[in-house]
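The next block holds one structure in the form of structure tokens; read it before the comments.
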Amino acid sequence: MTSTDITRAINDLLFTPGLDLTEAIDRHFTPDYRQRTNGVWSDRASFTQHMTRLRSLIRSGHIEVHDELRDRTRYADRHTVTLVHEDGHTSRTEVYLFAQLAADGRFRRVEETTLLVTGHADDGNLGLVK
């Protein structure tokens, strides 16, 4: 299996509406996946609920990776996600991410810090996990 990266994961999760969410999550995240965003831990079930919610709020978007490093099962990047919301406004969030990959190349754990660059104050609550 080819190791995942944040671009493929976010594109499948948020910007490929015809792709089943369960399939997208299975493709990029292990069954025991955990994530900490801005100090708050979430498990895979919480992550799935949040992705379901995000898909209902987002019309389109894109990701731009500024820096990306990989060393065996360690992965790190700095990226910006631009989201066009269903109401037409746009938000941009910069993300600093450190991750552990499983042997099969999927994300097992992600720890990230986010910074809302542009958008409404509530858009800061739309990070990849909740």
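Identifiers in this document derive from the order of the structure tokens: chains are assigned A, B, ..., residues are numbered from 1 separately in each chain, and ligands are numbered from 1 in order of occurrence.
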Applying 12 Å and only C-alpha atoms, which residues near stretch 84-89 of chain A remain after dropping the ones on its own chain fewer than 4 positions away? List them as a PDB file with C-alpha atoms, in the first residue's frame.
```
ATOM      1  CA  LEU A  14     -13.722  16.890   2.016  1.00  0.00           C
ATOM      2  CA  PHE A  15     -13.318  17.598  -1.665  1.00  0.00           C
ATOM      3  CA  LEU A  54     -17.942  19.239   7.666  1.00  0.00           C
ATOM      4  CA  ARG A  55     -19.135  17.638   4.442  1.00  0.00           C
ATOM      5  CA  SER A  56     -22.562  19.192   5.053  1.00  0.00           C
ATOM      6  CA  LEU A  57     -21.083  22.669   5.614  1.00  0.00           C
ATOM      7  CA  ILE A  58     -18.467  22.829   2.849  1.00  0.00           C
ATOM      8  CA  ARG A  59     -19.151  23.456  -0.838  1.00  0.00           C
ATOM      9  CA  SER A  60     -15.560  23.135  -2.082  1.00  0.00           C
ATOM     10  CA  GLY A  61     -11.974  23.941  -1.233  1.00  0.00           C
ATOM     11  CA  HIS A  62      -8.354  23.035  -1.621  1.00  0.00           C
ATOM     12  CA  ILE A  63      -5.208  22.318   0.339  1.00  0.00           C
ATOM     13  CA  THR A  93      -6.755  27.737   8.169  1.00  0.00           C
ATOM     14  CA  THR A 118      -9.237  34.353   7.256  1.00  0.00           C
ATOM     15  CA  GLY A 119     -12.935  33.737   7.791  1.00  0.00           C
ATOM     16  CA  HIS A 120     -15.584  34.093  10.474  1.00  0.00           C
ATOM     17  CA  ASP A 122     -16.776  30.323  14.126  1.00  0.00           C
ATOM     18  CA  ASP A 123     -14.721  28.923  11.237  1.00  0.00           C
ATOM     19  CA  LEU A 126     -14.162  23.636  11.827  1.00  0.00           C
TER      20      LEU A 126
END
```
Can you list, as a short mmCIF file (atom, residue, chain, number, x, y, z; two decimals) with all heavy atoms, in the first residue's frame, all residues belonging to chain A that DSSP tags as strand (DSSP E)?
```
data_model
loop_
_atom_site.label_atom_id
_atom_site.label_comp_id
_atom_site.auth_asym_id
_atom_site.auth_seq_id
_atom_site.Cartn_x
_atom_site.Cartn_y
_atom_site.Cartn_z
N PHE A 29 -6.88 6.20 7.41
CA PHE A 29 -6.78 6.20 8.87
C PHE A 29 -6.99 4.78 9.41
O PHE A 29 -7.90 4.09 8.98
CB PHE A 29 -7.82 7.16 9.47
CG PHE A 29 -7.65 8.57 8.98
CD1 PHE A 29 -8.34 9.01 7.85
CD2 PHE A 29 -6.80 9.44 9.61
CE1 PHE A 29 -8.18 10.29 7.36
CE2 PHE A 29 -6.63 10.74 9.13
CZ PHE A 29 -7.32 11.16 8.01
N THR A 30 -6.18 4.40 10.39
CA THR A 30 -6.29 3.07 10.99
C THR A 30 -7.52 2.99 11.89
O THR A 30 -8.05 4.01 12.33
CB THR A 30 -5.04 2.75 11.83
OG1 THR A 30 -4.94 3.72 12.90
CG2 THR A 30 -3.77 2.75 10.99
N PRO A 31 -7.97 1.76 12.21
CA PRO A 31 -9.13 1.60 13.09
C PRO A 31 -8.92 2.21 14.48
O PRO A 31 -9.87 2.66 15.12
CB PRO A 31 -9.31 0.09 13.18
CG PRO A 31 -8.72 -0.43 11.92
CD PRO A 31 -7.55 0.49 11.61
N ASP A 32 -7.67 2.26 14.96
CA ASP A 32 -7.38 2.81 16.28
C ASP A 32 -6.92 4.27 16.22
O ASP A 32 -6.31 4.80 17.15
CB ASP A 32 -6.33 1.95 17.00
CG ASP A 32 -4.99 1.90 16.27
OD1 ASP A 32 -4.92 2.24 15.06
OD2 ASP A 32 -4.00 1.50 16.91
N TYR A 33 -7.24 4.96 15.14
CA TYR A 33 -6.83 6.34 14.91
C TYR A 33 -7.24 7.26 16.05
O TYR A 33 -8.35 7.19 16.56
CB TYR A 33 -7.45 6.85 13.60
CG TYR A 33 -7.12 8.30 13.32
CD1 TYR A 33 -5.85 8.68 12.95
CD2 TYR A 33 -8.10 9.28 13.42
CE1 TYR A 33 -5.55 10.00 12.70
CE2 TYR A 33 -7.82 10.60 13.15
CZ TYR A 33 -6.53 10.96 12.81
OH TYR A 33 -6.24 12.27 12.55
N ARG A 34 -6.30 8.15 16.44
CA ARG A 34 -6.54 9.19 17.44
C ARG A 34 -5.94 10.47 16.92
O ARG A 34 -4.95 10.46 16.21
CB ARG A 34 -5.89 8.83 18.77
CG ARG A 34 -6.58 7.71 19.51
CD ARG A 34 -5.87 7.37 20.82
NE ARG A 34 -5.33 8.50 21.53
CZ ARG A 34 -5.88 9.08 22.61
NH1 ARG A 34 -6.99 8.62 23.10
NH2 ARG A 34 -5.30 10.10 23.19
N GLN A 35 -6.55 11.59 17.33
CA GLN A 35 -6.05 12.89 16.89
C GLN A 35 -6.20 13.90 18.00
O GLN A 35 -7.20 13.90 18.72
CB GLN A 35 -6.84 13.36 15.65
CG GLN A 35 -6.34 14.68 15.12
CD GLN A 35 -6.87 14.97 13.74
OE1 GLN A 35 -7.11 14.05 12.97
NE2 GLN A 35 -7.02 16.23 13.41
N ARG A 36 -5.18 14.75 18.13
CA ARG A 36 -5.25 15.87 19.07
C ARG A 36 -5.12 17.15 18.27
O ARG A 36 -4.13 17.37 17.57
CB ARG A 36 -4.14 15.79 20.11
CG ARG A 36 -4.25 16.92 21.14
CD ARG A 36 -3.28 16.75 22.27
NE ARG A 36 -1.92 16.94 21.79
CZ ARG A 36 -0.86 17.03 22.59
NH1 ARG A 36 -1.01 16.90 23.89
NH2 ARG A 36 0.33 17.21 22.09
N THR A 37 -6.13 18.00 18.36
CA THR A 37 -6.12 19.29 17.68
C THR A 37 -6.27 20.39 18.71
O THR A 37 -7.23 20.38 19.49
CB THR A 37 -7.27 19.37 16.65
OG1 THR A 37 -7.10 18.32 15.71
CG2 THR A 37 -7.26 20.71 15.93
N VAL A 40 -7.08 19.08 22.18
CA VAL A 40 -8.26 18.25 22.43
C VAL A 40 -8.13 16.93 21.66
O VAL A 40 -7.98 16.93 20.44
CB VAL A 40 -9.55 18.98 21.99
CG1 VAL A 40 -10.77 18.10 22.20
CG2 VAL A 40 -9.69 20.30 22.75
N TRP A 41 -8.20 15.81 22.40
CA TRP A 41 -8.09 14.48 21.79
C TRP A 41 -9.44 14.02 21.26
O TRP A 41 -10.47 14.25 21.90
CB TRP A 41 -7.60 13.46 22.80
CG TRP A 41 -6.12 13.50 23.02
CD1 TRP A 41 -5.48 14.06 24.08
CD2 TRP A 41 -5.11 12.97 22.16
NE1 TRP A 41 -4.11 13.92 23.92
CE2 TRP A 41 -3.87 13.24 22.75
CE3 TRP A 41 -5.14 12.30 20.93
CZ2 TRP A 41 -2.66 12.86 22.18
CZ3 TRP A 41 -3.93 11.91 20.36
CH2 TRP A 41 -2.71 12.20 20.98
N SER A 42 -9.42 13.33 20.12
CA SER A 42 -10.60 12.70 19.54
C SER A 42 -10.23 11.31 19.06
O SER A 42 -9.09 11.09 18.62
CB SER A 42 -11.12 13.51 18.36
OG SER A 42 -11.56 14.77 18.78
N ASP A 43 -11.19 10.41 19.11
CA ASP A 43 -10.98 9.08 18.56
C ASP A 43 -11.55 9.01 17.15
O ASP A 43 -12.10 9.99 16.64
CB ASP A 43 -11.57 8.00 19.46
CG ASP A 43 -13.07 8.13 19.66
OD1 ASP A 43 -13.74 8.90 18.91
OD2 ASP A 43 -13.60 7.47 20.56
N ILE A 58 -19.47 22.38 3.80
CA ILE A 58 -18.47 22.83 2.85
C ILE A 58 -18.93 22.57 1.42
O ILE A 58 -19.36 21.47 1.09
CB ILE A 58 -17.13 22.09 3.10
CG1 ILE A 58 -16.65 22.31 4.53
CG2 ILE A 58 -16.08 22.49 2.09
CD1 ILE A 58 -16.51 23.75 4.95
N ARG A 59 -18.81 23.58 0.58
CA ARG A 59 -19.15 23.46 -0.84
C ARG A 59 -17.96 22.95 -1.65
O ARG A 59 -18.08 22.11 -2.52
CB ARG A 59 -19.61 24.80 -1.38
CG ARG A 59 -20.01 24.77 -2.84
CD ARG A 59 -20.36 26.14 -3.37
NE ARG A 59 -21.39 26.80 -2.56
CZ ARG A 59 -21.62 28.09 -2.56
NH1 ARG A 59 -20.91 28.90 -3.32
NH2 ARG A 59 -22.57 28.61 -1.80
N SER A 60 -16.78 23.51 -1.36
CA SER A 60 -15.56 23.14 -2.08
C SER A 60 -14.35 23.65 -1.32
O SER A 60 -14.50 24.29 -0.28
CB SER A 60 -15.58 23.71 -3.51
OG SER A 60 -15.56 25.12 -3.46
N GLY A 61 -13.18 23.44 -1.86
CA GLY A 61 -11.97 23.94 -1.23
C GLY A 61 -10.73 23.32 -1.82
O GLY A 61 -10.80 22.56 -2.79
N HIS A 62 -9.62 23.63 -1.20
CA HIS A 62 -8.35 23.04 -1.62
C HIS A 62 -7.34 23.13 -0.48
O HIS A 62 -7.52 23.87 0.48
CB HIS A 62 -7.82 23.69 -2.90
CG HIS A 62 -7.43 25.13 -2.72
ND1 HIS A 62 -8.32 26.16 -2.84
CD2 HIS A 62 -6.24 25.69 -2.43
CE1 HIS A 62 -7.70 27.31 -2.64
NE2 HIS A 62 -6.43 27.05 -2.38
N ILE A 63 -6.29 22.34 -0.64
CA ILE A 63 -5.21 22.32 0.34
C ILE A 63 -3.91 22.71 -0.36
O ILE A 63 -3.69 22.34 -1.51
CB ILE A 63 -5.08 20.93 1.01
CG1 ILE A 63 -3.92 20.92 2.01
CG2 ILE A 63 -4.95 19.83 -0.02
CD1 ILE A 63 -3.85 19.68 2.87
N GLU A 64 -3.10 23.47 0.36
CA GLU A 64 -1.77 23.82 -0.13
C GLU A 64 -0.76 23.40 0.93
O GLU A 64 -0.82 23.89 2.07
CB GLU A 64 -1.67 25.33 -0.38
CG GLU A 64 -0.32 25.78 -0.86
CD GLU A 64 -0.22 27.28 -1.05
OE1 GLU A 64 -1.22 27.99 -0.82
OE2 GLU A 64 0.87 27.74 -1.40
N VAL A 65 0.14 22.50 0.57
CA VAL A 65 1.17 22.05 1.49
C VAL A 65 2.40 22.92 1.29
O VAL A 65 2.93 23.04 0.19
CB VAL A 65 1.51 20.56 1.26
CG1 VAL A 65 2.67 20.13 2.15
CG2 VAL A 65 0.28 19.70 1.54
N HIS A 66 2.85 23.53 2.40
CA HIS A 66 4.01 24.43 2.36
C HIS A 66 5.30 23.69 2.68
O HIS A 66 6.34 23.98 2.09
CB HIS A 66 3.82 25.58 3.34
CG HIS A 66 2.51 26.27 3.20
ND1 HIS A 66 2.18 27.05 2.11
CD2 HIS A 66 1.40 26.26 3.98
CE1 HIS A 66 0.95 27.51 2.25
NE2 HIS A 66 0.46 27.04 3.38
N ASP A 67 5.25 22.78 3.64
CA ASP A 67 6.39 21.97 4.06
C ASP A 67 5.89 20.58 4.36
O ASP A 67 4.80 20.42 4.94
CB ASP A 67 7.03 22.54 5.34
CG ASP A 67 7.54 23.96 5.15
OD1 ASP A 67 8.51 24.13 4.41
OD2 ASP A 67 6.95 24.87 5.77
N GLU A 68 6.68 19.56 4.00
CA GLU A 68 6.27 18.18 4.26
C GLU A 68 7.51 17.33 4.45
O GLU A 68 8.43 17.37 3.63
CB GLU A 68 5.44 17.67 3.09
CG GLU A 68 4.85 16.29 3.29
CD GLU A 68 3.96 15.91 2.12
OE1 GLU A 68 4.35 16.11 0.94
OE2 GLU A 68 2.85 15.41 2.39
N LEU A 69 7.52 16.58 5.55
CA LEU A 69 8.66 15.71 5.87
C LEU A 69 8.15 14.33 6.23
O LEU A 69 7.12 14.18 6.89
CB LEU A 69 9.45 16.28 7.06
CG LEU A 69 10.00 17.69 6.89
CD1 LEU A 69 10.44 18.24 8.24
CD2 LEU A 69 11.14 17.70 5.89
N ARG A 70 8.89 13.31 5.80
CA ARG A 70 8.53 11.93 6.10
C ARG A 70 9.81 11.19 6.47
O ARG A 70 10.81 11.29 5.77
CB ARG A 70 7.87 11.30 4.89
CG ARG A 70 7.35 9.91 5.10
CD ARG A 70 6.84 9.31 3.79
NE ARG A 70 5.86 10.15 3.12
CZ ARG A 70 4.54 10.05 3.30
NH1 ARG A 70 4.05 9.15 4.12
NH2 ARG A 70 3.72 10.84 2.64
N ASP A 71 9.77 10.42 7.56
CA ASP A 71 10.88 9.58 7.97
C ASP A 71 10.29 8.28 8.51
O ASP A 71 9.82 8.24 9.65
CB ASP A 71 11.72 10.28 9.04
CG ASP A 71 12.92 9.47 9.48
OD1 ASP A 71 13.32 8.53 8.75
OD2 ASP A 71 13.45 9.76 10.57
N ARG A 74 7.16 8.41 10.63
CA ARG A 74 6.90 9.76 11.11
C ARG A 74 6.60 10.67 9.93
O ARG A 74 7.23 10.56 8.88
CB ARG A 74 8.09 10.29 11.90
CG ARG A 74 8.31 9.51 13.20
CD ARG A 74 9.42 10.06 14.00
NE ARG A 74 10.68 9.90 13.24
CZ ARG A 74 11.84 10.37 13.64
NH1 ARG A 74 11.93 11.04 14.76
NH2 ARG A 74 12.92 10.19 12.91
N TYR A 75 5.64 11.56 10.13
CA TYR A 75 5.20 12.46 9.07
C TYR A 75 4.92 13.82 9.71
O TYR A 75 4.34 13.89 10.79
CB TYR A 75 3.92 11.89 8.42
CG TYR A 75 3.31 12.77 7.38
CD1 TYR A 75 3.68 12.65 6.04
CD2 TYR A 75 2.35 13.72 7.70
CE1 TYR A 75 3.11 13.45 5.06
CE2 TYR A 75 1.78 14.53 6.73
CZ TYR A 75 2.17 14.38 5.41
OH TYR A 75 1.60 15.17 4.46
N ALA A 76 5.32 14.88 9.04
CA ALA A 76 5.04 16.23 9.52
C ALA A 76 4.79 17.14 8.33
O ALA A 76 5.36 16.93 7.25
CB ALA A 76 6.20 16.76 10.36
N ASP A 77 3.93 18.12 8.54
CA ASP A 77 3.74 19.10 7.47
C ASP A 77 3.20 20.40 8.04
O ASP A 77 2.78 20.48 9.19
CB ASP A 77 2.84 18.57 6.35
CG ASP A 77 1.36 18.58 6.67
OD1 ASP A 77 0.88 19.46 7.39
OD2 ASP A 77 0.64 17.69 6.19
N ARG A 78 3.24 21.40 7.18
CA ARG A 78 2.58 22.68 7.43
C ARG A 78 1.76 22.94 6.18
O ARG A 78 2.30 22.92 5.07
CB ARG A 78 3.60 23.80 7.66
CG ARG A 78 2.98 25.16 7.92
CD ARG A 78 4.06 26.20 8.22
NE ARG A 78 4.93 26.44 7.09
CZ ARG A 78 4.72 27.38 6.15
NH1 ARG A 78 3.65 28.17 6.22
NH2 ARG A 78 5.57 27.53 5.16
N HIS A 79 0.45 23.09 6.36
CA HIS A 79 -0.42 23.27 5.20
C HIS A 79 -1.51 24.29 5.50
O HIS A 79 -1.76 24.61 6.66
CB HIS A 79 -1.04 21.94 4.75
CG HIS A 79 -1.97 21.31 5.75
ND1 HIS A 79 -1.54 20.43 6.72
CD2 HIS A 79 -3.31 21.42 5.91
CE1 HIS A 79 -2.57 20.02 7.43
NE2 HIS A 79 -3.66 20.61 6.97
N THR A 80 -2.12 24.79 4.43
CA THR A 80 -3.25 25.70 4.55
C THR A 80 -4.43 25.07 3.82
O THR A 80 -4.29 24.60 2.69
CB THR A 80 -2.93 27.07 3.93
OG1 THR A 80 -1.80 27.62 4.61
CG2 THR A 80 -4.11 28.03 4.07
N VAL A 81 -5.57 25.04 4.50
CA VAL A 81 -6.80 24.54 3.90
C VAL A 81 -7.71 25.74 3.66
O VAL A 81 -7.98 26.53 4.58
CB VAL A 81 -7.51 23.52 4.82
CG1 VAL A 81 -8.82 23.06 4.20
CG2 VAL A 81 -6.61 22.34 5.11
N THR A 82 -8.16 25.88 2.42
CA THR A 82 -9.12 26.92 2.05
C THR A 82 -10.46 26.24 1.83
O THR A 82 -10.55 25.27 1.07
CB THR A 82 -8.67 27.64 0.77
OG1 THR A 82 -7.38 28.22 1.00
CG2 THR A 82 -9.66 28.73 0.37
N LEU A 83 -11.49 26.73 2.51
CA LEU A 83 -12.83 26.15 2.42
C LEU A 83 -13.81 27.19 1.92
O LEU A 83 -13.84 28.32 2.41
CB LEU A 83 -13.30 25.66 3.80
CG LEU A 83 -12.43 24.63 4.50
CD1 LEU A 83 -12.96 24.37 5.90
CD2 LEU A 83 -12.37 23.35 3.69
N VAL A 84 -14.64 26.79 0.95
CA VAL A 84 -15.76 27.60 0.52
C VAL A 84 -16.99 26.97 1.16
O VAL A 84 -17.32 25.82 0.91
CB VAL A 84 -15.90 27.63 -1.02
CG1 VAL A 84 -17.11 28.47 -1.42
CG2 VAL A 84 -14.63 28.16 -1.66
N HIS A 85 -17.62 27.72 2.04
CA HIS A 85 -18.76 27.23 2.81
C HIS A 85 -20.03 27.28 1.98
O HIS A 85 -20.12 28.02 0.99
CB HIS A 85 -18.90 28.06 4.08
CG HIS A 85 -17.69 27.97 4.96
ND1 HIS A 85 -17.67 27.27 6.13
CD2 HIS A 85 -16.44 28.50 4.81
CE1 HIS A 85 -16.46 27.37 6.68
NE2 HIS A 85 -15.70 28.11 5.89
N THR A 90 -15.61 32.25 2.46
CA THR A 90 -14.38 31.46 2.38
C THR A 90 -13.60 31.61 3.68
O THR A 90 -13.55 32.70 4.27
CB THR A 90 -13.51 31.93 1.20
OG1 THR A 90 -14.26 31.76 -0.01
CG2 THR A 90 -12.22 31.15 1.10
N SER A 91 -13.00 30.51 4.11
CA SER A 91 -12.10 30.56 5.27
C SER A 91 -10.80 29.87 4.90
O SER A 91 -10.76 29.00 4.04
CB SER A 91 -12.73 29.90 6.49
OG SER A 91 -12.94 28.52 6.27
N ARG A 92 -9.73 30.31 5.56
CA ARG A 92 -8.41 29.69 5.38
C ARG A 92 -7.84 29.39 6.75
O ARG A 92 -7.84 30.25 7.64
CB ARG A 92 -7.47 30.64 4.62
CG ARG A 92 -7.88 30.82 3.16
CD ARG A 92 -6.94 31.74 2.40
NE ARG A 92 -5.60 31.18 2.38
CZ ARG A 92 -4.51 31.85 2.77
NH1 ARG A 92 -4.58 33.08 3.21
NH2 ARG A 92 -3.33 31.28 2.70
N THR A 93 -7.35 28.17 6.91
CA THR A 93 -6.75 27.74 8.17
C THR A 93 -5.37 27.16 7.90
O THR A 93 -5.21 26.30 7.04
CB THR A 93 -7.63 26.67 8.85
OG1 THR A 93 -8.94 27.21 9.05
CG2 THR A 93 -7.04 26.25 10.19
N GLU A 94 -4.38 27.66 8.63
CA GLU A 94 -3.02 27.12 8.55
C GLU A 94 -2.88 26.05 9.63
O GLU A 94 -3.35 26.24 10.76
CB GLU A 94 -1.98 28.23 8.75
CG GLU A 94 -0.57 27.75 8.50
CD GLU A 94 0.43 28.90 8.47
OE1 GLU A 94 0.02 30.08 8.59
OE2 GLU A 94 1.62 28.60 8.31
N VAL A 95 -2.25 24.93 9.28
CA VAL A 95 -2.16 23.79 10.18
C VAL A 95 -0.71 23.32 10.27
O VAL A 95 -0.02 23.18 9.25
CB VAL A 95 -3.04 22.62 9.67
CG1 VAL A 95 -2.97 21.42 10.61
CG2 VAL A 95 -4.48 23.07 9.48
N TYR A 96 -0.27 23.08 11.50
CA TYR A 96 1.03 22.48 11.79
C TYR A 96 0.75 21.09 12.31
O TYR A 96 0.11 20.94 13.36
CB TYR A 96 1.78 23.31 12.83
CG TYR A 96 2.05 24.72 12.34
CD1 TYR A 96 1.06 25.70 12.44
CD2 TYR A 96 3.27 25.05 11.77
CE1 TYR A 96 1.29 26.99 11.98
CE2 TYR A 96 3.51 26.34 11.30
CZ TYR A 96 2.52 27.30 11.42
OH TYR A 96 2.75 28.57 10.95
N LEU A 97 1.20 20.06 11.61
CA LEU A 97 0.79 18.69 11.87
C LEU A 97 2.00 17.77 12.06
O LEU A 97 2.96 17.84 11.29
CB LEU A 97 -0.05 18.21 10.68
CG LEU A 97 -0.58 16.79 10.69
CD1 LEU A 97 -1.92 16.75 9.96
CD2 LEU A 97 0.38 15.82 10.02
N PHE A 98 1.91 16.91 13.08
CA PHE A 98 2.88 15.85 13.31
C PHE A 98 2.09 14.56 13.42
O PHE A 98 1.06 14.52 14.10
CB PHE A 98 3.68 16.08 14.59
CG PHE A 98 4.57 17.28 14.51
CD1 PHE A 98 4.10 18.53 14.86
CD2 PHE A 98 5.88 17.15 14.08
CE1 PHE A 98 4.92 19.64 14.77
CE2 PHE A 98 6.70 18.25 13.97
CZ PHE A 98 6.22 19.51 14.33
N ALA A 99 2.56 13.49 12.75
CA ALA A 99 1.77 12.27 12.72
C ALA A 99 2.65 11.03 12.84
O ALA A 99 3.84 11.05 12.51
CB ALA A 99 0.98 12.19 11.42
N GLN A 100 2.00 9.96 13.27
CA GLN A 100 2.59 8.63 13.26
C GLN A 100 1.82 7.82 12.22
O GLN A 100 0.58 7.81 12.22
CB GLN A 100 2.46 7.96 14.62
CG GLN A 100 2.97 6.53 14.63
CD GLN A 100 2.64 5.82 15.93
OE1 GLN A 100 1.72 6.19 16.64
NE2 GLN A 100 3.38 4.78 16.21
N LEU A 101 2.55 7.16 11.32
CA LEU A 101 1.94 6.31 10.32
C LEU A 101 2.02 4.85 10.76
O LEU A 101 3.01 4.44 11.40
CB LEU A 101 2.67 6.46 8.98
CG LEU A 101 2.67 7.86 8.37
CD1 LEU A 101 3.65 7.93 7.20
CD2 LEU A 101 1.27 8.24 7.93
N PHE A 107 -2.56 6.92 8.53
CA PHE A 107 -2.37 7.69 9.76
C PHE A 107 -2.90 6.90 10.95
O PHE A 107 -4.02 6.42 10.94
CB PHE A 107 -3.12 9.03 9.69
CG PHE A 107 -2.51 10.03 8.76
CD1 PHE A 107 -3.21 10.47 7.64
CD2 PHE A 107 -1.25 10.56 8.99
CE1 PHE A 107 -2.67 11.41 6.78
CE2 PHE A 107 -0.69 11.49 8.15
CZ PHE A 107 -1.39 11.92 7.02
N ARG A 108 -2.06 6.77 11.97
CA ARG A 108 -2.47 6.14 13.23
C ARG A 108 -2.75 7.20 14.29
O ARG A 108 -3.66 7.08 15.10
CB ARG A 108 -1.39 5.19 13.74
CG ARG A 108 -1.69 4.70 15.17
CD ARG A 108 -0.86 3.54 15.61
NE ARG A 108 -1.48 2.35 15.02
CZ ARG A 108 -0.80 1.34 14.52
NH1 ARG A 108 0.51 1.36 14.51
NH2 ARG A 108 -1.44 0.31 14.02
N ARG A 109 -1.93 8.26 14.27
CA ARG A 109 -2.11 9.35 15.24
C ARG A 109 -1.69 10.65 14.58
O ARG A 109 -0.69 10.70 13.86
CB ARG A 109 -1.24 9.11 16.48
CG ARG A 109 -1.50 10.13 17.60
CD ARG A 109 -0.58 9.95 18.78
NE ARG A 109 0.74 10.49 18.46
CZ ARG A 109 1.87 9.78 18.46
NH1 ARG A 109 1.85 8.51 18.76
NH2 ARG A 109 3.02 10.33 18.14
N VAL A 110 -2.46 11.69 14.81
CA VAL A 110 -2.14 13.03 14.33
C VAL A 110 -2.23 13.98 15.51
O VAL A 110 -3.17 13.91 16.31
CB VAL A 110 -3.11 13.48 13.21
CG1 VAL A 110 -3.00 14.97 12.96
CG2 VAL A 110 -2.86 12.70 11.93
N GLU A 111 -1.25 14.86 15.62
CA GLU A 111 -1.29 15.94 16.59
C GLU A 111 -1.06 17.22 15.80
O GLU A 111 -0.10 17.32 15.05
CB GLU A 111 -0.24 15.75 17.68
CG GLU A 111 -0.50 14.47 18.47
CD GLU A 111 0.41 14.31 19.67
OE1 GLU A 111 0.60 15.30 20.41
OE2 GLU A 111 0.92 13.20 19.86
N GLU A 112 -2.00 18.18 15.96
CA GLU A 112 -1.90 19.38 15.14
C GLU A 112 -2.33 20.62 15.92
O GLU A 112 -3.08 20.53 16.89
CB GLU A 112 -2.74 19.24 13.87
CG GLU A 112 -4.22 19.13 14.10
CD GLU A 112 -5.02 18.93 12.82
OE1 GLU A 112 -4.44 18.64 11.75
OE2 GLU A 112 -6.25 19.06 12.89
N THR A 113 -1.84 21.74 15.43
CA THR A 113 -2.23 23.05 15.92
C THR A 113 -2.73 23.83 14.71
O THR A 113 -2.12 23.79 13.65
CB THR A 113 -1.04 23.77 16.57
OG1 THR A 113 -0.59 22.99 17.68
CG2 THR A 113 -1.42 25.15 17.04
N THR A 114 -3.85 24.53 14.89
CA THR A 114 -4.44 25.26 13.78
C THR A 114 -4.49 26.75 14.08
O THR A 114 -4.56 27.17 15.23
CB THR A 114 -5.86 24.76 13.48
OG1 THR A 114 -6.71 25.06 14.59
CG2 THR A 114 -5.88 23.26 13.21
N LEU A 115 -4.48 27.52 13.00
CA LEU A 115 -4.56 28.97 13.09
C LEU A 115 -5.50 29.46 12.00
O LEU A 115 -5.23 29.27 10.81
CB LEU A 115 -3.17 29.59 12.90
CG LEU A 115 -3.11 31.11 12.77
CD1 LEU A 115 -3.52 31.79 14.07
CD2 LEU A 115 -1.70 31.53 12.36
N LEU A 116 -6.62 30.07 12.38
CA LEU A 116 -7.55 30.64 11.42
C LEU A 116 -6.91 31.89 10.82
O LEU A 116 -6.62 32.84 11.54
CB LEU A 116 -8.88 30.97 12.08
CG LEU A 116 -9.97 31.53 11.17
CD1 LEU A 116 -10.38 30.50 10.11
CD2 LEU A 116 -11.18 31.97 11.99
N VAL A 117 -6.68 31.88 9.51
CA VAL A 117 -6.03 33.00 8.83
C VAL A 117 -7.07 34.00 8.35
O VAL A 117 -6.92 35.20 8.54
CB VAL A 117 -5.16 32.49 7.65
CG1 VAL A 117 -4.52 33.65 6.90
CG2 VAL A 117 -4.10 31.52 8.15
N THR A 118 -8.14 33.50 7.70
CA THR A 118 -9.24 34.35 7.26
C THR A 118 -10.55 33.60 7.43
O THR A 118 -10.58 32.37 7.39
CB THR A 118 -9.11 34.76 5.77
OG1 THR A 118 -9.12 33.59 4.96
CG2 THR A 118 -7.87 35.56 5.50
#
```
message: Just the number, please: distance in Å from atom CA of A:Thr22 to atom CA of A:Arg8, one decimal.
response: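 Between atom CA of A:Thr22 and atom CA of A:Arg8 the gap works out to 14.9 Å.
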- prompt: What separation in Å, quoted to one decimal, exists between atom CA of A:Glu23 and atom CA of A:Arg72?
  reply: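 About the pair atom CA of A:Glu23 and atom CA of A:Arg72: they are 24.6 Å apart.
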task: Give me the residues within 10 Å of A:Leu13 as a PyMOL selection string, counting only C-alpha atoms and dropping any in the same chain fewer than 2 places off.
output: chain A and resi 7-11+15-17+19-25+27-28+48+51-52+54-55+128
Take the residues from that selection and write them out as a CSV table (one decimal), in the first residue's frame, keeping C-alpha atoms.
```csv
chain,number,residue,atom,x,y,z
A,7,THR,CA,-3.2,16.2,0.5
A,8,ARG,CA,-4.7,12.8,-0.5
A,9,ALA,CA,-6.5,12.5,2.9
A,10,ILE,CA,-8.2,15.9,2.9
A,11,ASN,CA,-9.0,15.7,-0.8
A,15,PHE,CA,-13.3,17.6,-1.7
A,16,THR,CA,-14.5,14.4,-3.3
A,17,PRO,CA,-18.2,14.4,-2.6
A,19,LEU,CA,-16.5,9.2,-2.4
A,20,ASP,CA,-18.2,7.4,0.5
A,21,LEU,CA,-16.9,8.9,3.7
A,22,THR,CA,-16.3,5.5,5.3
A,23,GLU,CA,-14.2,4.4,2.4
A,24,ALA,CA,-12.2,7.7,2.5
A,25,ILE,CA,-11.6,7.2,6.2
A,27,ARG,CA,-8.2,4.5,3.0
A,28,HIS,CA,-6.2,7.0,5.2
A,48,THR,CA,-16.0,10.4,11.6
A,51,MET,CA,-16.1,14.8,8.9
A,52,THR,CA,-19.8,14.1,8.3
A,54,LEU,CA,-17.9,19.2,7.7
A,55,ARG,CA,-19.1,17.6,4.4
A,128,LEU,CA,-10.3,18.4,11.0
```
message: I'd like the contact shell of A:Thr2 - 9 Å cut-off, only C-alpha atoms, skipping same-chain residues fewer than 6 positions apart - returned as an NGL selection string.
response: :A and (104-106)
message: I need the helix (DSSP H, G or I) residues of chain A per DSSP on the backbone, written as a PyMOL selection string.
response: chain A and resi 6-14+21-28+44-57+121-126
- prompt: Expressed in Å to a single decimal, how great is the separation between atom CA of A:Ala45 and atom CA of A:Ala121?
  reply: 25.9 Å
